[in-house]
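One file, my_file12.cif, is given below (mmCIF, C-alpha atoms).
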data_structure
#
loop_
_atom_site.label_atom_id
_atom_site.label_comp_id
_atom_site.auth_asym_id
_atom_site.auth_seq_id
_atom_site.Cartn_x
_atom_site.Cartn_y
_atom_site.Cartn_z
CA ALA X 1 -1.64 15.56 24.58
CA HIS X 2 1.57 17.05 23.19
CA ARG X 3 2.24 20.59 22.08
CA THR X 4 3.80 20.51 18.61
CA PHE X 5 4.13 22.88 15.62
CA ASP X 6 1.72 25.57 16.83
CA GLY X 7 -0.94 23.06 17.69
CA THR X 8 -1.80 20.08 19.87
CA LEU X 9 -1.46 16.38 19.13
CA PHE X 10 -4.02 14.22 20.92
CA ARG X 11 -3.91 10.43 21.18
CA CYS X 12 -7.42 9.17 21.86
CA SER X 13 -8.99 5.83 22.71
CA HIS X 14 -12.58 4.65 22.76
CA VAL X 15 -14.68 1.50 22.62
CA SER X 16 -15.60 0.92 18.99
CA ASP X 17 -18.98 -0.46 17.96
CA SER X 18 -17.70 -1.01 14.41
CA LEU X 19 -14.83 -3.16 15.68
CA GLY X 20 -17.00 -5.41 17.82
CA GLY X 21 -16.55 -3.61 21.12
CA LEU X 22 -12.75 -3.50 21.05
CA GLU X 23 -10.81 -0.45 22.16
CA ALA X 24 -9.58 1.65 19.24
CA GLN X 25 -6.94 4.37 19.23
CA PHE X 26 -6.40 7.29 16.88
CA SER X 27 -4.30 10.46 16.76
CA VAL X 28 -5.58 13.97 16.02
CA PHE X 29 -3.55 17.13 15.45
CA VAL X 30 -5.40 20.42 15.91
CA PRO X 31 -3.81 23.78 15.03
CA ASP X 32 -4.09 26.46 17.70
CA ALA X 33 -7.71 27.49 17.64
CA PRO X 34 -6.77 30.34 18.02
CA ARG X 35 -4.96 29.77 21.33
CA PRO X 36 -3.21 26.61 22.53
CA TRP X 37 -5.64 24.01 23.88
CA SER X 38 -4.66 20.63 25.32
CA GLN X 39 -7.85 19.07 26.67
CA LEU X 40 -11.36 18.18 25.60
CA PRO X 41 -13.89 19.65 25.17
CA TYR X 42 -12.82 22.56 22.99
CA PRO X 43 -14.42 25.91 23.85
CA ASP X 44 -17.40 27.07 21.83
CA ASP X 45 -15.42 29.96 20.34
CA ALA X 46 -12.63 27.76 18.96
CA THR X 47 -11.73 28.27 15.33
CA GLU X 48 -13.04 25.46 13.14
CA PHE X 49 -10.86 23.69 10.57
CA PRO X 50 -11.22 21.24 7.67
CA VAL X 51 -10.15 17.64 8.27
CA LEU X 52 -7.50 15.57 6.48
CA MET X 53 -7.66 11.85 7.30
CA TYR X 54 -4.53 9.74 6.77
CA LEU X 55 -4.66 5.95 6.39
CA SER X 56 -1.37 4.21 7.20
CA GLY X 57 0.24 1.14 5.66
CA MET X 58 0.92 -2.38 6.90
CA THR X 59 2.63 -2.90 10.27
CA CYS X 60 1.86 0.70 11.26
CA SER X 61 -0.37 2.17 13.93
CA ASP X 62 -1.72 5.70 14.17
CA GLU X 63 1.62 6.78 15.68
CA ASN X 64 3.95 6.21 12.71
CA VAL X 65 2.84 9.13 10.61
CA VAL X 66 2.70 11.61 13.48
CA THR X 67 6.20 10.71 14.67
CA LYS X 68 7.94 10.26 11.29
CA ALA X 69 6.29 12.30 8.55
CA ASN X 70 6.24 15.88 9.89
CA ALA X 71 2.59 16.15 8.87
CA GLN X 72 1.70 18.34 11.85
CA GLU X 73 3.99 21.19 10.77
CA HIS X 74 2.41 21.36 7.33
CA CYS X 75 -1.14 21.01 8.68
CA ALA X 76 -0.47 23.85 11.13
CA ASN X 77 0.74 26.01 8.25
CA GLU X 78 -2.32 25.18 6.15
CA GLY X 79 -4.91 25.22 8.95
CA LEU X 80 -5.98 21.57 8.80
CA ILE X 81 -6.97 19.05 11.46
CA PHE X 82 -5.01 15.84 10.81
CA VAL X 83 -6.62 12.53 11.79
CA ALA X 84 -4.68 9.24 11.83
CA PRO X 85 -6.58 6.04 12.69
CA ASP X 86 -5.02 2.67 13.45
CA THR X 87 -4.58 0.11 10.67
CA SER X 88 -6.58 -2.72 12.26
CA PRO X 89 -8.54 -3.65 15.35
CA ARG X 90 -6.43 -4.84 18.26
CA GLY X 91 -7.17 -7.09 21.19
CA SER X 92 -9.53 -9.62 19.63
CA GLY X 93 -7.25 -12.53 20.49
CA LEU X 94 -8.14 -14.35 17.27
CA ALA X 95 -5.79 -17.19 16.40
CA GLY X 96 -3.44 -16.29 13.57
CA GLU X 97 -4.04 -12.54 13.51
CA GLY X 98 -0.46 -11.78 14.51
CA ASP X 99 1.36 -14.49 12.56
CA ARG X 100 2.07 -12.49 9.38
CA PHE X 101 3.05 -8.87 8.78
CA ASP X 102 0.59 -8.67 5.88
CA PHE X 103 -2.55 -9.92 7.59
CA GLY X 104 -4.44 -9.17 10.78
CA LEU X 105 -2.78 -6.94 13.36
CA GLY X 106 -1.52 -3.84 11.59
CA ALA X 107 -2.96 -5.05 8.28
CA GLY X 108 -6.75 -4.73 8.21
CA TYR X 109 -6.84 -3.41 4.60
CA TYR X 110 -9.70 -1.02 5.50
CA VAL X 111 -12.27 -3.67 4.55
CA ASN X 112 -15.38 -5.04 6.24
CA ALA X 113 -14.47 -8.71 6.57
CA THR X 114 -17.16 -11.18 5.56
CA GLU X 115 -15.36 -14.41 6.50
CA GLU X 116 -15.33 -15.98 9.94
CA PRO X 117 -13.79 -15.46 12.44
CA TRP X 118 -12.77 -12.00 11.18
CA SER X 119 -16.18 -10.53 10.36
CA THR X 120 -17.05 -9.45 13.92
CA ASN X 121 -14.00 -7.27 14.59
CA TYR X 122 -12.29 -6.56 11.27
CA ARG X 123 -14.66 -3.87 10.01
CA MET X 124 -12.24 -1.06 9.29
CA ARG X 125 -14.25 0.27 6.34
CA GLU X 126 -17.22 0.98 8.58
CA TYR X 127 -14.93 2.46 11.21
CA ILE X 128 -13.17 4.81 8.76
CA GLU X 129 -16.25 5.88 6.83
CA ASP X 130 -18.78 6.22 9.64
CA GLU X 131 -17.76 5.82 13.27
CA LEU X 132 -14.48 7.70 13.42
CA PRO X 133 -15.63 10.78 11.46
CA GLU X 134 -18.64 11.15 13.74
CA ILE X 135 -16.37 11.05 16.81
CA VAL X 136 -13.96 13.59 15.33
CA HIS X 137 -16.69 16.03 14.28
CA THR X 138 -18.33 15.73 17.71
CA HIS X 139 -15.27 16.31 19.86
CA PHE X 140 -12.94 18.50 17.80
CA PRO X 141 -13.38 21.94 16.16
CA THR X 142 -14.04 20.81 12.58
CA LEU X 143 -16.00 22.45 9.81
CA GLY X 144 -18.11 19.31 9.60
CA PRO X 145 -18.51 16.47 7.07
CA ASP X 146 -18.54 18.76 4.04
CA ALA X 147 -14.89 19.74 4.60
CA VAL X 148 -13.02 16.42 4.68
CA SER X 149 -10.26 15.02 2.48
CA ILE X 150 -8.46 11.69 2.68
CA MET X 151 -5.00 10.34 1.89
CA GLY X 152 -2.95 7.24 2.63
CA HIS X 153 0.31 5.37 2.16
CA SER X 154 0.69 1.86 0.69
CA MET X 155 -2.21 -0.25 2.05
CA GLY X 156 -3.62 3.06 3.27
CA GLY X 157 -3.33 4.54 -0.21
CA MET X 158 -5.43 1.65 -1.44
CA GLY X 159 -7.94 2.41 1.31
CA ALA X 160 -8.03 6.14 0.64
CA LEU X 161 -8.57 5.77 -3.12
CA ALA X 162 -11.26 3.14 -2.53
CA CYS X 163 -13.08 5.33 0.01
CA ALA X 164 -13.08 8.30 -2.34
CA LEU X 165 -14.24 6.38 -5.42
CA ARG X 166 -16.98 4.57 -3.48
CA ARG X 167 -18.24 7.83 -1.93
CA PRO X 168 -17.00 10.72 -4.09
CA LYS X 169 -19.29 13.27 -2.45
CA ALA X 170 -17.82 12.51 0.98
CA TYR X 171 -14.33 13.86 0.22
CA CYS X 172 -13.12 17.14 -1.23
CA SER X 173 -9.91 15.48 -2.52
CA VAL X 174 -7.93 12.25 -2.26
CA SER X 175 -4.24 11.42 -2.55
CA ALA X 176 -2.16 8.28 -2.28
CA LEU X 177 1.52 7.67 -1.61
CA SER X 178 2.75 4.39 -3.12
CA PRO X 179 -0.73 2.82 -3.09
CA VAL X 180 -1.57 -0.83 -3.63
CA ALA X 181 -3.58 0.35 -6.60
CA HIS X 182 -4.84 -2.88 -8.20
CA PRO X 183 -4.94 -5.55 -5.47
CA THR X 184 -6.94 -8.08 -7.46
CA ASN X 185 -4.07 -8.14 -9.99
CA VAL X 186 -1.18 -8.60 -7.55
CA PRO X 187 0.60 -11.90 -8.32
CA GLU X 188 -0.03 -14.73 -5.90
CA GLY X 189 2.93 -15.37 -3.63
CA SER X 190 4.01 -11.73 -3.57
CA SER X 191 5.36 -10.17 -0.41
CA PRO X 192 3.12 -8.81 0.96
CA ASP X 193 0.71 -11.48 -0.25
CA VAL X 194 -2.24 -9.19 -0.79
CA ARG X 195 -4.37 -11.83 -2.48
CA VAL X 196 -4.05 -14.35 0.35
CA SER X 197 -4.87 -11.67 2.91
CA LEU X 198 -7.93 -10.39 1.08
CA SER X 199 -9.20 -13.91 0.50
CA ARG X 200 -9.01 -14.60 4.24
CA PHE X 201 -11.04 -11.49 4.97
CA LEU X 202 -13.44 -11.53 2.01
CA GLY X 203 -13.51 -15.05 0.56
CA SER X 204 -11.85 -16.60 -2.45
CA ASP X 205 -14.15 -15.05 -5.09
CA ASP X 206 -12.19 -11.94 -5.98
CA SER X 207 -15.19 -10.41 -7.74
CA THR X 208 -16.39 -9.53 -4.23
CA TRP X 209 -13.20 -7.52 -3.68
CA ARG X 210 -14.06 -4.92 -6.37
CA CYS X 211 -15.34 -2.39 -3.87
CA TYR X 212 -11.87 -2.30 -2.28
CA ASP X 213 -9.81 -2.26 -5.48
CA PRO X 214 -9.11 1.29 -6.72
CA THR X 215 -8.60 0.17 -10.33
CA LYS X 216 -11.83 -1.83 -10.39
CA LEU X 217 -13.68 1.05 -8.75
CA ALA X 218 -12.35 3.38 -11.44
CA GLU X 219 -13.54 0.91 -14.08
CA ASP X 220 -17.01 0.87 -12.49
CA PHE X 221 -17.20 4.63 -11.90
CA HIS X 222 -20.10 6.49 -13.51
CA SER X 223 -20.13 10.25 -13.00
CA LYS X 224 -23.79 10.56 -13.97
CA HIS X 225 -24.78 8.37 -11.03
CA SER X 226 -22.12 9.29 -8.46
CA GLY X 227 -21.27 12.85 -9.43
CA PRO X 228 -17.75 13.88 -10.45
CA PRO X 229 -14.82 12.19 -8.72
CA PRO X 230 -12.86 14.23 -6.21
CA PRO X 231 -9.47 15.59 -7.36
CA ILE X 232 -6.92 12.73 -7.24
CA LEU X 233 -3.15 12.88 -6.64
CA VAL X 234 -1.13 9.65 -6.86
CA ASP X 235 2.55 9.55 -5.97
CA VAL X 236 5.16 6.77 -6.01
CA GLY X 237 8.91 6.52 -5.56
CA GLY X 238 10.82 5.36 -8.62
CA ASP X 239 12.97 2.99 -6.55
CA ASP X 240 10.09 1.59 -4.50
CA GLU X 241 10.79 -2.11 -4.00
CA PHE X 242 7.07 -2.93 -4.10
CA LEU X 243 6.64 -1.04 -7.35
CA LYS X 244 9.36 -3.20 -8.87
CA SER X 245 7.90 -6.45 -7.49
CA GLY X 246 4.43 -5.78 -8.92
CA VAL X 247 2.55 -5.19 -5.66
CA LEU X 248 1.67 -1.51 -6.19
CA ARG X 249 0.68 -1.37 -9.90
CA PRO X 250 -0.14 2.38 -9.93
CA MET X 251 0.01 2.74 -13.71
CA GLU X 252 -2.86 0.28 -14.09
CA PHE X 253 -4.96 2.61 -11.94
CA VAL X 254 -3.83 5.70 -13.85
CA GLU X 255 -4.55 4.03 -17.20
CA MET X 256 -8.01 2.90 -16.10
CA CYS X 257 -8.80 6.41 -14.90
CA GLY X 258 -7.75 7.66 -18.33
CA HIS X 259 -10.14 5.22 -20.01
CA ARG X 260 -12.98 6.33 -17.74
CA GLY X 261 -12.29 10.06 -18.05
CA ILE X 262 -11.22 10.43 -14.40
CA PRO X 263 -8.49 13.08 -14.02
CA VAL X 264 -5.41 11.98 -12.04
CA ASP X 265 -2.33 14.00 -11.14
CA PHE X 266 0.50 11.43 -11.08
CA ARG X 267 4.00 11.82 -9.61
CA LEU X 268 6.93 9.43 -10.09
CA ARG X 269 9.75 10.55 -7.78
CA ALA X 270 13.16 9.39 -8.96
CA GLY X 271 15.30 7.66 -6.36
CA TYR X 272 12.71 7.35 -3.59
CA ASP X 273 11.76 4.05 -1.94
CA HIS X 274 8.68 2.96 0.05
CA SER X 275 9.81 4.15 3.48
CA TYR X 276 8.81 7.06 5.69
CA PHE X 277 11.84 8.93 4.35
CA TYR X 278 9.84 9.09 1.11
CA VAL X 279 6.57 9.88 2.89
CA ALA X 280 8.17 12.74 4.83
CA SER X 281 9.66 14.10 1.60
CA ALA X 282 6.35 14.09 -0.30
CA ILE X 283 3.76 14.87 2.35
CA GLU X 284 4.10 18.66 2.26
CA GLU X 285 3.00 18.69 -1.38
CA HIS X 286 0.09 16.37 -0.59
CA ILE X 287 -1.10 18.47 2.34
CA GLY X 288 -0.90 21.57 0.14
CA PHE X 289 -2.92 19.76 -2.54
CA HIS X 290 -5.67 18.96 -0.03
CA ALA X 291 -5.63 22.46 1.46
CA SER X 292 -6.23 23.92 -2.00
CA HIS X 293 -9.36 21.79 -2.40
CA LEU X 294 -10.56 22.36 1.15
CA ASP X 295 -10.53 26.11 0.44
CA VAL X 296 -8.12 27.07 3.21
#
What would the structure in this file look like if it were written as structure tokens?
Amino acid sequence: AHRTFDGTLFRCSHVSDSLGGLEAQFSVFVPDAPRPWSQLPYPDDATEFPVLMYLSGMTCSDENVVTKANAQEHCANEGLIFVAPDTSPRGSGLAGEGDRFDFGLGAGYYVNATEEPWSTNYRMREYIEDELPEIVHTHFPTLGPDAVSIMGHSMGGMGALACALRRPKAYCSVSALSPVAHPTNVPEGSSPDVRVSLSRFLGSDDSTWRCYDPTKLAEDFHSKHSGPPPPILVDVGGDDEFLKSGVLRPMEFVEMCGHRGIPVDFRLRAGYDHSYFYVASAIEEHIGFHASHLDV
């Protein structure tokens, strides 16, 4: 554990049932509660906080955001626990999982793979939605499952939006930095080649990908069945190379939300690219957005 910004950053590991028995790692920042604490378990009288989960992009692990984005400072100021999972299972030894930056290790797309040999270990949706939250609420001083928001960057923005639109009652708010917002519409041969990667995980019939595509989920969203959507903030840099190449497609998501009556707060930041320089510049506003909806 590391003391940082009036709180403690933990890096945790455990054997994951969702990921087929592989070891998984995640990072958690906890503001002082109310005094510094650097080991588990937390005392019974610890202050309890809402949770903000952050899903990272391709090639990242849980460590990128906590070492590059300054999220801990802003979460300490707002009184939020910050949870950063890994981007894929690791250690399966499957042939080909480390051959491309856009598939496999560091690029699990937060899906439950249905195709062999990936379906046993690559179950990041189940891990993010079920297993990891239970671990966090059990071992850290949270306010419980009714006080959780979610955000992500790039591939993680795709994952965060998809999680929130699939299960709108599970999250108090959702935001996305430069999300892959319409993956089924990304041109074949793009870099990253989102379509090839998703087909390897989920099969070639892209109609089965709808539950992971934020724009398709917005198209399918029915408030009378699911309840209202959580508040949504989408953010992208105007000079993002993946915006220009047609990988991100955020306006297609925003337009679909408009058609379906789903409110979206959209930011286009002039001059910013896709890097963590952009993430670090925008994340304070995003954390403040979530804090306002988590009632802190």
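With all atoms listed in the file as the atoms that count, the residue of X:Ser191, X:Thr184, X:Thr87, X:Thr142 with the shortest distance to Ser245 of chain X is X:Ser191.
The neighbours of segment 89-96 of chain X here are the residues that come within 10 Å of it, using all atoms listed in the file and leaving out any residue fewer than 4 positions away in the same chain; they are Ser16, Ser18, Leu19, Gly20, Gly21, Leu22, Glu23, Ala24, Gln25, Arg100, Phe103, Gly104, Leu105, Gly106, Ala107, Gly108, Pro117, Trp118, Thr120, Asn121, Tyr122, Arg123, Met124 and Tyr127 of chain X.
Using only C-alpha atoms, the shortest contact distance between Ala33 of chain X and any of X:Pro230, X:Pro179, X:Gly79, X:Gly57 is found at X:Gly79.
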Exercise. Applied to this file, what does the PyMOL selection byres ((chain X and resi 166) around 10) return in terms of residues, put as a PyMOL selection string?
Worked result: chain X and resi 160-165+167-170+211-212+214+217-218+220-221+226+229
Padded axis-aligned box of segment 146-158 of chain X (4 Å per side), centre and edge lengths, Å, one decimal, as AutoDock Vina command-line options:
--center_x -8.9 --center_y 9.7 --center_z 1.6 --size_x 27.2 --size_y 28.0 --size_z 14.1
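Proximity ranking of X:Pro133, X:Gly271, X:Pro145, X:Pro50 relative to Ala291 of chain X places X:Pro50 first, based on only C-alpha atoms.
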With 12 Å as the cut-off and all atoms listed in the file counted, what is the closest atom pair between each nearby residue of segment 103-214 of chain X and segment 65-77 of chain X? Distances in Å to one decimal, ordered by chain and number, as a tab-separated table.
residue	atom	partner	partner_atom	distance
X:Met151	CA	X:Val65	CA	11.8
X:Gly152	CA	X:Val65	CA	10.0
X:His153	CA	X:Val65	CA	9.6
X:Gly156	CA	X:Val65	CA	11.5
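For the atom pair formed by atom CA of Glu48 of chain X and atom CA of Ile232 of chain X, the distance is 24.8 Å, given to one decimal.
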Exercise. Applied to the shown file, which residues does the PyMOL selection byres ((chain X and resi 248-254) around 8) return, written as a PyMOL selection string?
Worked result: chain X and resi 154+178-183+186+214-215+218+234+236+242-243+246-247+255-258+264+266
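The residue that comes closest to Arg125 of chain X, out of X:Phe201, X:Phe140, X:Tyr109, X:Tyr276 and on the basis of only C-alpha atoms, is X:Tyr109.
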For this session: Spell out the residues picked by the PyMOL selection byres ((chain X and resi 82) around 7) here, as JSON, numbers by chain.
Result: {"X": [28, 29, 30, 51, 52, 53, 75, 80, 81, 83, 84]}
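Between atom CA of Ser38 of chain X and atom CA of Leu143 of chain X the interatomic distance comes to 19.3 Å.
Between atom CA of His225 of chain X and atom CA of Trp209 of chain X the separation is 21.0 Å.
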